[in-house]
Structures are given as C-alpha cells and as structure tokens.
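J.: Below is the file my_file_11.cif, with mmCIF, C-alpha atoms.
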data_protein
#
loop_
_atom_site.label_atom_id
_atom_site.label_comp_id
_atom_site.auth_asym_id
_atom_site.auth_seq_id
_atom_site.Cartn_x
_atom_site.Cartn_y
_atom_site.Cartn_z
CA MET A 1 21.57 110.42 -18.81
CA THR A 2 21.60 114.19 -19.39
CA THR A 3 21.78 116.09 -16.12
CA LEU A 4 18.80 118.16 -15.10
CA GLN A 5 21.02 121.22 -15.10
CA ALA A 6 21.97 120.73 -18.74
CA LEU A 7 18.42 119.83 -19.72
CA LEU A 8 16.81 122.90 -18.16
CA GLY A 9 19.70 125.33 -18.48
CA ILE A 10 20.02 125.91 -14.74
CA GLU A 11 22.99 126.09 -12.40
CA HIS A 12 21.53 123.84 -9.69
CA PRO A 13 18.90 121.06 -9.98
CA LEU A 14 16.46 122.71 -7.58
CA ILE A 15 12.97 123.84 -8.59
CA GLN A 16 10.73 126.16 -6.60
CA ALA A 17 7.30 124.57 -6.78
CA PRO A 18 4.60 126.73 -8.37
CA LEU A 19 2.47 128.08 -5.51
CA ALA A 20 -0.84 129.26 -6.96
CA GLY A 21 -2.50 131.88 -4.82
CA VAL A 22 0.56 132.73 -2.70
CA GLN A 23 3.10 134.02 -5.21
CA ASP A 24 3.66 136.01 -8.35
CA HIS A 25 6.67 136.72 -10.58
CA GLY A 26 8.68 138.10 -7.66
CA LEU A 27 9.34 134.77 -5.99
CA ALA A 28 10.06 133.01 -9.28
CA ALA A 29 12.60 135.65 -10.29
CA ALA A 30 14.35 135.55 -6.91
CA VAL A 31 14.82 131.78 -7.10
CA SER A 32 15.96 131.81 -10.73
CA ASN A 33 18.44 134.58 -9.97
CA ALA A 34 19.83 132.38 -7.18
CA GLY A 35 20.76 129.70 -9.74
CA ALA A 36 17.79 127.38 -9.29
CA LEU A 37 14.55 127.26 -11.31
CA GLY A 38 11.82 129.66 -10.24
CA SER A 39 8.24 128.79 -11.19
CA LEU A 40 5.22 130.92 -12.05
CA PRO A 41 1.79 129.34 -11.45
CA CYS A 42 -0.41 130.25 -14.42
CA ALA A 43 -3.62 128.23 -14.13
CA MET A 44 -5.48 131.01 -12.30
CA LEU A 45 -4.30 133.80 -14.63
CA ALA A 46 -6.45 135.10 -17.47
CA ALA A 47 -4.53 136.05 -20.62
CA PRO A 48 -3.96 139.75 -19.73
CA ALA A 49 -2.71 138.89 -16.24
CA LEU A 50 -0.51 136.10 -17.60
CA GLN A 51 1.06 138.43 -20.14
CA SER A 52 1.70 141.03 -17.47
CA GLU A 53 3.31 138.50 -15.11
CA LEU A 54 5.53 137.13 -17.88
CA GLU A 55 6.65 140.61 -18.85
CA LYS A 56 7.55 141.38 -15.24
CA LEU A 57 9.31 138.04 -14.80
CA GLN A 58 11.45 138.48 -17.90
CA ALA A 59 12.34 141.99 -16.77
CA ALA A 60 13.41 140.65 -13.36
CA THR A 61 15.62 137.75 -14.50
CA ASP A 62 17.61 136.65 -17.51
CA ARG A 63 17.80 133.09 -16.14
CA PRO A 64 15.54 130.17 -17.14
CA TYR A 65 12.17 129.93 -15.39
CA ASN A 66 9.25 127.51 -15.34
CA VAL A 67 5.62 128.32 -16.14
CA ASN A 68 3.08 125.89 -14.70
CA PHE A 69 -0.35 125.01 -16.05
CA PHE A 70 -3.12 122.55 -15.28
CA ALA A 71 -4.13 119.96 -17.86
CA HIS A 72 -7.57 119.02 -16.55
CA THR A 73 -10.78 118.80 -18.56
CA ASN A 74 -13.41 121.26 -17.42
CA PRO A 75 -16.49 119.41 -16.14
CA VAL A 76 -20.09 119.90 -17.17
CA PRO A 77 -21.87 121.72 -14.31
CA ASP A 78 -24.28 119.53 -12.35
CA PRO A 79 -27.09 121.66 -10.86
CA SER A 80 -28.20 118.96 -8.42
CA ARG A 81 -24.67 118.50 -7.07
CA GLU A 82 -24.21 122.25 -6.80
CA ALA A 83 -27.47 122.48 -4.86
CA ALA A 84 -26.36 119.71 -2.49
CA TRP A 85 -23.05 121.48 -1.95
CA ARG A 86 -24.71 124.77 -1.13
CA GLN A 87 -27.07 122.97 1.22
CA ALA A 88 -24.06 121.51 3.05
CA LEU A 89 -22.69 125.04 3.42
CA ALA A 90 -26.05 126.59 4.39
CA PRO A 91 -25.36 126.75 8.17
CA TYR A 92 -22.18 128.71 7.48
CA TYR A 93 -24.00 131.10 5.13
CA ALA A 94 -26.45 131.77 7.93
CA GLN A 95 -23.64 132.35 10.42
CA PHE A 96 -21.97 134.94 8.19
CA ASP A 97 -25.25 136.45 6.92
CA ILE A 98 -24.53 135.48 3.31
CA ASP A 99 -27.38 135.25 0.80
CA PRO A 100 -26.72 132.11 -1.29
CA ALA A 101 -28.56 133.70 -4.21
CA SER A 102 -25.87 136.39 -4.35
CA ILE A 103 -23.03 133.94 -4.94
CA GLY A 104 -21.56 134.01 -8.41
CA ALA A 105 -18.70 132.12 -10.02
CA GLY A 106 -15.52 131.55 -8.06
CA PRO A 107 -11.95 132.08 -9.29
CA GLY A 108 -11.30 130.18 -12.47
CA ARG A 109 -8.69 127.54 -13.11
CA GLN A 110 -8.38 127.03 -16.82
CA PRO A 111 -6.54 124.15 -18.52
CA PHE A 112 -3.67 124.80 -20.91
CA SER A 113 -4.96 125.64 -24.37
CA ALA A 114 -3.82 126.58 -27.86
CA GLU A 115 -4.34 130.22 -26.85
CA SER A 116 -2.06 129.71 -23.84
CA ALA A 117 0.60 128.25 -26.10
CA GLU A 118 0.40 131.16 -28.53
CA LEU A 119 0.81 133.68 -25.73
CA LEU A 120 3.77 131.76 -24.30
CA ALA A 121 5.39 131.62 -27.73
CA ARG A 122 6.06 135.35 -27.45
CA PHE A 123 8.14 134.74 -24.33
CA LYS A 124 9.57 131.28 -25.07
CA PRO A 125 10.01 130.09 -21.48
CA LYS A 126 12.68 127.43 -21.08
CA VAL A 127 10.43 125.12 -19.04
CA VAL A 128 6.67 124.47 -19.09
CA SER A 129 5.28 122.15 -16.43
CA PHE A 130 1.91 120.46 -16.13
CA HIS A 131 -0.31 119.14 -13.34
CA PHE A 132 -3.14 116.61 -13.85
CA GLY A 133 -1.61 114.98 -16.93
CA LEU A 134 -0.72 116.65 -20.21
CA PRO A 135 -2.48 118.87 -22.76
CA ALA A 136 -3.21 117.88 -26.36
CA PRO A 137 -0.20 116.77 -28.44
CA GLU A 138 -0.45 119.80 -30.73
CA ALA A 139 -0.19 122.15 -27.74
CA MET A 140 2.88 120.29 -26.52
CA GLN A 141 4.41 120.48 -29.99
CA ARG A 142 3.98 124.24 -29.96
CA ILE A 143 6.17 124.35 -26.82
CA ARG A 144 8.78 122.12 -28.42
CA ASP A 145 8.82 124.33 -31.51
CA TRP A 146 10.50 127.13 -29.55
CA GLY A 147 12.83 124.71 -27.74
CA GLY A 148 10.86 124.56 -24.50
CA ARG A 149 11.26 121.63 -22.13
CA ILE A 150 8.18 119.86 -20.77
CA ILE A 151 7.97 118.37 -17.28
CA ALA A 152 4.92 116.98 -15.47
CA SER A 153 3.81 115.52 -12.15
CA ALA A 154 3.27 111.82 -11.48
CA THR A 155 1.83 110.47 -8.24
CA THR A 156 2.18 106.79 -9.18
CA VAL A 157 4.52 104.63 -11.24
CA ALA A 158 1.74 104.15 -13.81
CA GLU A 159 1.41 107.91 -14.24
CA ALA A 160 5.18 108.28 -14.61
CA ARG A 161 5.23 105.66 -17.35
CA TRP A 162 2.28 107.35 -19.08
CA LEU A 163 4.14 110.66 -19.08
CA ALA A 164 7.39 109.10 -20.31
CA GLU A 165 5.54 107.40 -23.17
CA ARG A 166 4.46 110.88 -24.27
CA SER A 167 8.05 112.10 -24.32
CA VAL A 168 8.15 114.52 -21.40
CA ASP A 169 11.67 115.72 -20.69
CA ALA A 170 11.48 114.95 -16.96
CA VAL A 171 9.00 113.55 -14.45
CA ILE A 172 8.17 115.12 -11.09
CA ALA A 173 7.58 112.34 -8.55
CA GLN A 174 5.00 113.92 -6.22
CA GLY A 175 4.87 112.14 -2.88
CA VAL A 176 1.71 112.20 -0.82
CA GLU A 177 3.43 114.59 1.63
CA ALA A 178 3.27 117.47 -0.86
CA GLY A 179 1.14 120.52 -0.18
CA GLY A 180 -1.51 121.79 -2.56
CA HIS A 181 -3.21 119.82 -5.29
CA ARG A 182 -2.37 116.22 -5.96
CA GLY A 183 -1.24 115.72 -9.54
CA ILE A 184 -3.24 112.48 -9.72
CA PHE A 185 -4.80 111.98 -13.15
CA LEU A 186 -5.09 108.30 -14.14
CA SER A 187 -7.35 107.44 -11.21
CA ASP A 188 -9.45 109.11 -8.53
CA ASP A 189 -8.45 106.48 -5.95
CA LEU A 190 -6.53 108.22 -3.17
CA THR A 191 -5.31 104.88 -1.81
CA THR A 192 -2.87 104.86 -4.75
CA GLN A 193 -1.04 107.85 -3.28
CA VAL A 194 2.18 106.99 -1.45
CA GLY A 195 5.06 108.72 0.30
CA LEU A 196 7.93 110.20 -1.68
CA PHE A 197 10.62 107.86 -0.46
CA SER A 198 8.55 104.85 -1.53
CA LEU A 199 7.51 106.42 -4.83
CA LEU A 200 10.80 107.99 -5.91
CA PRO A 201 13.03 104.90 -6.35
CA GLN A 202 10.22 103.06 -8.12
CA ILE A 203 9.76 105.85 -10.65
CA VAL A 204 13.53 106.20 -11.11
CA GLN A 205 13.63 102.50 -12.01
CA ALA A 206 10.55 102.68 -14.26
CA VAL A 207 11.47 105.56 -16.59
CA SER A 208 14.57 106.64 -18.48
CA VAL A 209 14.08 110.40 -18.14
CA PRO A 210 15.31 112.45 -15.16
CA VAL A 211 13.10 112.28 -12.08
CA ILE A 212 12.53 115.28 -9.81
CA ALA A 213 11.57 114.55 -6.19
CA ALA A 214 8.73 116.55 -4.62
CA GLY A 215 6.82 116.29 -1.35
CA GLY A 216 7.92 116.93 2.23
CA ILE A 217 11.38 118.24 1.28
CA ALA A 218 11.96 121.22 3.55
CA ASP A 219 15.68 121.46 4.26
CA ALA A 220 19.15 120.38 3.12
CA ASN A 221 18.81 116.97 4.78
CA GLY A 222 15.64 116.24 2.84
CA VAL A 223 17.30 117.35 -0.37
CA ALA A 224 20.28 115.08 0.27
CA ALA A 225 18.03 112.12 1.07
CA ALA A 226 16.08 112.53 -2.17
CA MET A 227 19.26 112.77 -4.22
CA ALA A 228 20.62 109.64 -2.52
CA LEU A 229 17.51 107.76 -3.68
CA GLY A 230 18.21 108.58 -7.31
CA ALA A 231 16.52 111.93 -7.89
CA ALA A 232 18.04 114.07 -10.62
CA GLY A 233 16.79 117.12 -8.76
CA VAL A 234 14.26 118.28 -6.19
CA GLN A 235 11.22 120.51 -6.09
CA VAL A 236 10.45 122.48 -2.92
CA GLY A 237 7.28 124.48 -2.28
CA THR A 238 6.00 124.91 1.26
CA ALA A 239 9.35 126.10 2.62
CA TYR A 240 9.17 129.20 0.39
CA MET A 241 5.76 130.35 1.64
CA LEU A 242 7.06 132.57 4.45
CA CYS A 243 9.67 134.29 2.28
CA PRO A 244 9.03 138.03 1.85
CA GLU A 245 8.86 137.54 -1.93
CA ALA A 246 5.83 135.26 -1.53
CA THR A 247 2.37 136.85 -1.51
CA THR A 248 1.10 134.48 1.19
CA SER A 249 -1.70 136.22 3.12
CA ALA A 250 -1.38 137.22 6.77
CA VAL A 251 -3.95 134.58 7.71
CA HIS A 252 -2.06 131.86 5.83
CA ARG A 253 1.30 132.96 7.24
CA ALA A 254 -0.08 132.80 10.76
CA ALA A 255 -1.39 129.29 10.12
CA LEU A 256 1.99 128.13 8.82
CA LYS A 257 3.67 129.43 11.98
CA SER A 258 1.08 127.90 14.31
CA GLU A 259 1.25 124.57 16.14
CA GLY A 260 -1.70 123.43 14.03
CA ALA A 261 0.46 123.45 10.88
CA VAL A 262 1.70 119.95 11.69
CA HIS A 263 -1.82 118.60 11.04
CA THR A 264 -2.64 118.55 7.34
CA ALA A 265 -5.11 116.55 5.29
CA LEU A 266 -6.05 115.86 1.70
CA THR A 267 -9.33 117.64 1.06
CA ASN A 268 -11.59 118.35 -1.90
CA LEU A 269 -13.70 120.98 -0.13
CA PHE A 270 -12.07 124.05 -1.61
CA THR A 271 -11.80 123.18 -5.31
CA GLY A 272 -13.30 119.73 -5.93
CA ARG A 273 -9.93 117.97 -6.28
CA PRO A 274 -7.84 116.52 -3.45
CA ALA A 275 -5.24 118.95 -2.18
CA ARG A 276 -3.21 119.01 1.03
CA GLY A 277 -3.79 121.83 3.48
CA ILE A 278 -3.73 122.64 7.19
CA VAL A 279 -6.80 121.24 8.94
CA ASN A 280 -9.26 123.96 9.91
CA ARG A 281 -12.90 124.18 10.96
CA VAL A 282 -14.52 123.47 7.60
CA ILE A 283 -12.28 120.42 7.01
CA ARG A 284 -13.04 119.07 10.47
CA GLU A 285 -16.79 119.57 10.13
CA LEU A 286 -17.45 118.67 6.48
CA GLY A 287 -14.59 116.57 5.31
CA PRO A 288 -11.89 116.27 4.56
CA ILE A 289 -13.40 114.55 1.50
CA SER A 290 -17.03 115.30 0.65
CA ALA A 291 -19.07 113.62 -2.08
CA ALA A 292 -21.19 116.76 -2.22
CA ALA A 293 -18.36 118.97 -3.44
CA PRO A 294 -18.75 119.66 -7.19
CA ALA A 295 -16.07 118.52 -9.61
CA PHE A 296 -12.88 120.59 -9.95
CA PRO A 297 -12.81 123.54 -10.13
CA LEU A 298 -16.53 124.18 -9.58
CA ALA A 299 -16.51 123.66 -5.79
CA THR A 300 -14.67 126.97 -5.36
CA ALA A 301 -17.58 129.32 -6.08
CA ALA A 302 -19.79 128.35 -3.15
CA ILE A 303 -17.07 128.41 -0.50
CA ALA A 304 -15.32 131.60 -1.68
CA PRO A 305 -17.63 134.06 0.12
CA LEU A 306 -17.20 132.15 3.38
CA ARG A 307 -13.46 132.49 3.02
CA ALA A 308 -13.76 136.21 2.35
CA LYS A 309 -16.02 136.83 5.37
CA ALA A 310 -13.86 134.77 7.74
CA GLU A 311 -10.58 136.30 6.56
CA ALA A 312 -12.05 139.77 7.07
CA GLN A 313 -12.35 138.74 10.73
CA GLY A 314 -8.76 137.44 10.78
CA SER A 315 -9.83 133.79 10.58
CA GLY A 316 -8.54 131.06 8.28
CA GLU A 317 -11.24 128.54 9.19
CA PHE A 318 -12.67 128.61 5.64
CA THR A 319 -9.41 129.20 3.78
CA SER A 320 -7.49 126.70 1.69
CA LEU A 321 -4.36 126.75 3.85
CA TRP A 322 -2.23 124.73 1.45
CA ALA A 323 0.86 123.23 3.07
CA GLY A 324 2.87 120.04 2.92
CA GLN A 325 3.32 117.61 5.77
CA ASN A 326 6.67 119.17 6.71
CA VAL A 327 6.51 122.87 7.55
CA SER A 328 9.76 122.80 9.53
CA GLY A 329 11.64 124.50 6.71
CA CYS A 330 9.33 127.54 6.54
CA ARG A 331 11.46 130.55 7.43
CA GLU A 332 10.95 134.28 7.10
CA ILE A 333 14.12 134.81 5.11
CA ALA A 334 14.79 135.97 1.57
CA ALA A 335 14.12 133.40 -1.13
CA ALA A 336 17.75 133.56 -2.28
CA GLU A 337 18.95 132.77 1.23
CA LEU A 338 16.52 129.88 1.58
CA THR A 339 17.61 128.56 -1.80
CA ALA A 340 21.25 128.65 -0.68
CA THR A 341 20.46 126.61 2.44
CA LEU A 342 18.62 124.00 0.36
CA LEU A 343 21.49 123.80 -2.12
CA GLU A 344 23.79 122.64 0.68
CA GLY A 345 22.05 119.26 0.49
CA LEU A 346 22.27 118.82 -3.26
CA TYR A 347 25.77 117.52 -3.46
CA ARG A 348 26.24 116.17 0.06
CA HIS A 349 25.80 112.52 -0.88
CA ARG A 350 28.34 112.59 -3.72
#
In structure tokens, write the structure found in this file.
T.:
Amino acid sequence: MTTLQALLGIEHPLIQAPLAGVQDHGLAAAVSNAGALGSLPCAMLAAPALQSELEKLQAATDRPYNVNFFAHTNPVPDPSREAAWRQALAPYYAQFDIDPASIGAGPGRQPFSAESAELLARFKPKVVSFHFGLPAPEAMQRIRDWGGRIIASATTVAEARWLAERSVDAVIAQGVEAGGHRGIFLSDDLTTQVGLFSLLPQIVQAVSVPVIAAGGIADANGVAAAMALGAAGVQVGTAYMLCPEATTSAVHRAALKSEGAVHTALTNLFTGRPARGIVNRVIRELGPISAAAPAFPLATAAIAPLRAKAEAQGSGEFTSLWAGQNVSGCREIAAAELTATLLEGLYRHR
C-alpha cells in the first residue's frame, strides 16, 4: 500500500484536524511548515473569504495543505419546528432581554459545490477532505482533474466501505471521542458511534485504502497506539486549540483549561447535528440532544444571539465549546512545537 506521506506529499503522516470557528490559515500554515498536513476549515467561508484565506495560506507555506468542506444537503426550513425551538429558548431570551422577532439568520455552513470546486481550481490544493459523506461525482472529478487527493470521514465500517467504493484516496476513522461534529452520514442513529480503538482496526480490515485515525489522540502515546493498530496516519484537533496560532476565543480557551473540560457530550443544540463539546448550562438544561432543534445547520440562528450576549459577559454557557474527550494534550505552545511532540509517537512502534 502507498504510504500516506507519498500519497499526500507530506513529510510525516500527521494531519491537523480542521477546526471551524477557532482557526484560520495561520494554524494550517504552521503545521504544514512543520512537515505535517495543516488543514483549513472552509464550510463557514463565503467565496470572498475563502479566496482570501487561500491566498494567505499559499503565501505562508509552500508545503501541501488540506481544505475541508461539508457534504451535507441543505434542509427545507420547517416553520413549526423553528417555532418550537424558539419556544424552548424563550426563557433565555427573556433573561438576556432579547427580542425573538429581531433574530435573523445564523452563520451559514454551505455544502461543497461546483462553484467551490472552480474557486479551488485556481489554487489546486493537494488535499481536499469532506465531512458528512461526499459531494456529487462531477465535483469530485474536478478535484481529481488538478491532481488533488480526496479524503473523508467515516464513523462506522459501513461508511468507510461506502467511501472506498467511491474511490476516496484515504479514509479518516473518526472515533466517538472526537471533538466537534460527528461525520456520521449513512444513519442518524448515535448508537452506531463507537470508540476509535474499536473502530480503527475494523476499518483497516474492511478497506484497501490508507486509514487515518482520529478521535481522542492528544499526545505521542496516543499517536503510537493508533499506529500500532494499523493506522497509516493520525489526525489531531483538540490539542491544537490552545496554540497561539489558533483563533480560539478567550471564553473557549478558559473552558479548555478548566476542570469542566473533562465532561463533554454529543449535542445537537448548537447546529442541529450531533457534535462533541464541553457540557455547559444550555446542554445541561435542554439536551444534550433535543428533538426541537431544527435540522443542520438551521438550529444555529436562534441560539446565536444567546451566545453573543453571554460571551459579552465572559460566559460560555451558550457557546459551542467544541472539544474531544481528551483535553490533556492542550498546551499553550507554538503549533510547530506541539507537532514535534506528536511526531515522537509516529514511529515509536516500528
């Protein structure tokens, strides 16, 4: 099997997980310049912002980098569900003196499109990764036309096989420990989600493409353990969130450094899809999973003003404090230094 390094053109088979909302090109460039694969989260970037970030990223590194997109289908808005959701949030609106009628649309999360592909074609990134499945075949072909590699997340063996059947270059095995959004896409059943060290060897056995381990890997020991179970490489996210190159907010940084960071949950309250974050007031009181929350990404609009009001008071009780189950690797050190410490585990088992 081709090594991940050769496949992606990188020195070391380590990927910095795309961290939407807490990073920009700076973190991606720092990791790529350290010999691993930096990632730029793109799902929340409109075309002008995406172009600007790509221009800055290419100016900051001549190494390969990964651009990450979502592959969801936008839902049809359901007025009755939206009304039920806002009713569930009504006591909080009253507390913060928010007029529900003043609430507009929240931050968008757009799926990969033909327009996205055309913009990317000007930059020709070495790696394009997807969450929530894959885009249309013609969009994927556009990536392949410039020699781009395609990788995508699988949370079950069935999803890994589905991705391999569609000729992805590598599969990311996302264990349930991972922070942020679950990549689940063949089912909505959260009981299908399992830990990395159960999932990883099963996916390695099920597919013939390289498998990248993700979820709960926070230090060199975790990296070594994943490689010993057959991973071709690892993806690490949460550990990078305290690096100075990350744009993690002060409220989020404080939460990551608090004793409460050890308690995370899968919740759909912030976006409408299950994602792992540090348990806070709104998760305790409404969730973590609520049937009232509109489908992804429509749940965001109604809760966004609560987040803004609370954060203005220094509180993260209404913030999506994304984090994995293992925050022990979070350190306030440069991304290059953190990358070097993680790399110590890559070759330990050989």
J.: For this file, the PyMOL selection byres ((chain A and resi 184) around 6) selects which residues, as a list of chain:residue names?
T.: A:Phe132, A:Thr155, A:Arg182, A:Gly183, A:Phe185
J.: Given the choices A:Gly38, A:Gly324, A:Gly175, A:Pro288, which gets closest to Ala218 (chain A) if the distance is worked out from all atoms listed in the file?
T.: A:Gly324
J.: So how far away is CA of Val31 (chain A) from CA of Ala323 (chain A), in Å?
T.: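 Distance between the two atoms: 19.3 Å.
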J.: Got a sec to check which residues sit within 10 Å of (8.2, 118.7, 6.4), counting only C-alpha atoms, and write them as a list in words?
T.: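 Selection result: Glu177, Ala178, Gly179, Gly215, Gly216, Ile217, Ala218, Asp219, Gly222, Thr238, Ala239, Val262, Ala323, Gly324, Gln325, Asn326, Val327, Ser328, Gly329 and Cys330 of chain A.
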J.: Of the candidates A:Ala90, A:Ile98, A:Ala304, A:Leu8, which shows the shortest atom-to-atom distance to Pro64 (chain A), using all atoms listed in the file?
T.: A:Leu8
J.: For each of A:Leu190, A:Ala121, A:Ala232, A:Ala226, take the minimum atom-to-atom distance to Ala6 (chain A), counting all atoms listed in the file, then give the residue where this is smallest.
T.: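 Of all the options, A:Ala232 lies closest to Ala6 (chain A).
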J.: Which residue out of A:Ala334, A:Ala34, A:Ile10, A:Ala275 has the minimum interatomic distance to Ala246 (chain A) when all atoms listed in the file are used?
T.: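 Among the listed residues, the smallest separation from Ala246 (chain A) belongs to A:Ala334.
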J.: Could you check the closest approach to Phe318 (chain A) for each of A:Val234, A:Val127, A:Leu343, A:Leu89 and tell me which residue wins, using only C-alpha atoms?
T.: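 Ranked by minimum distance to Phe318 (chain A), first place goes to A:Leu89.
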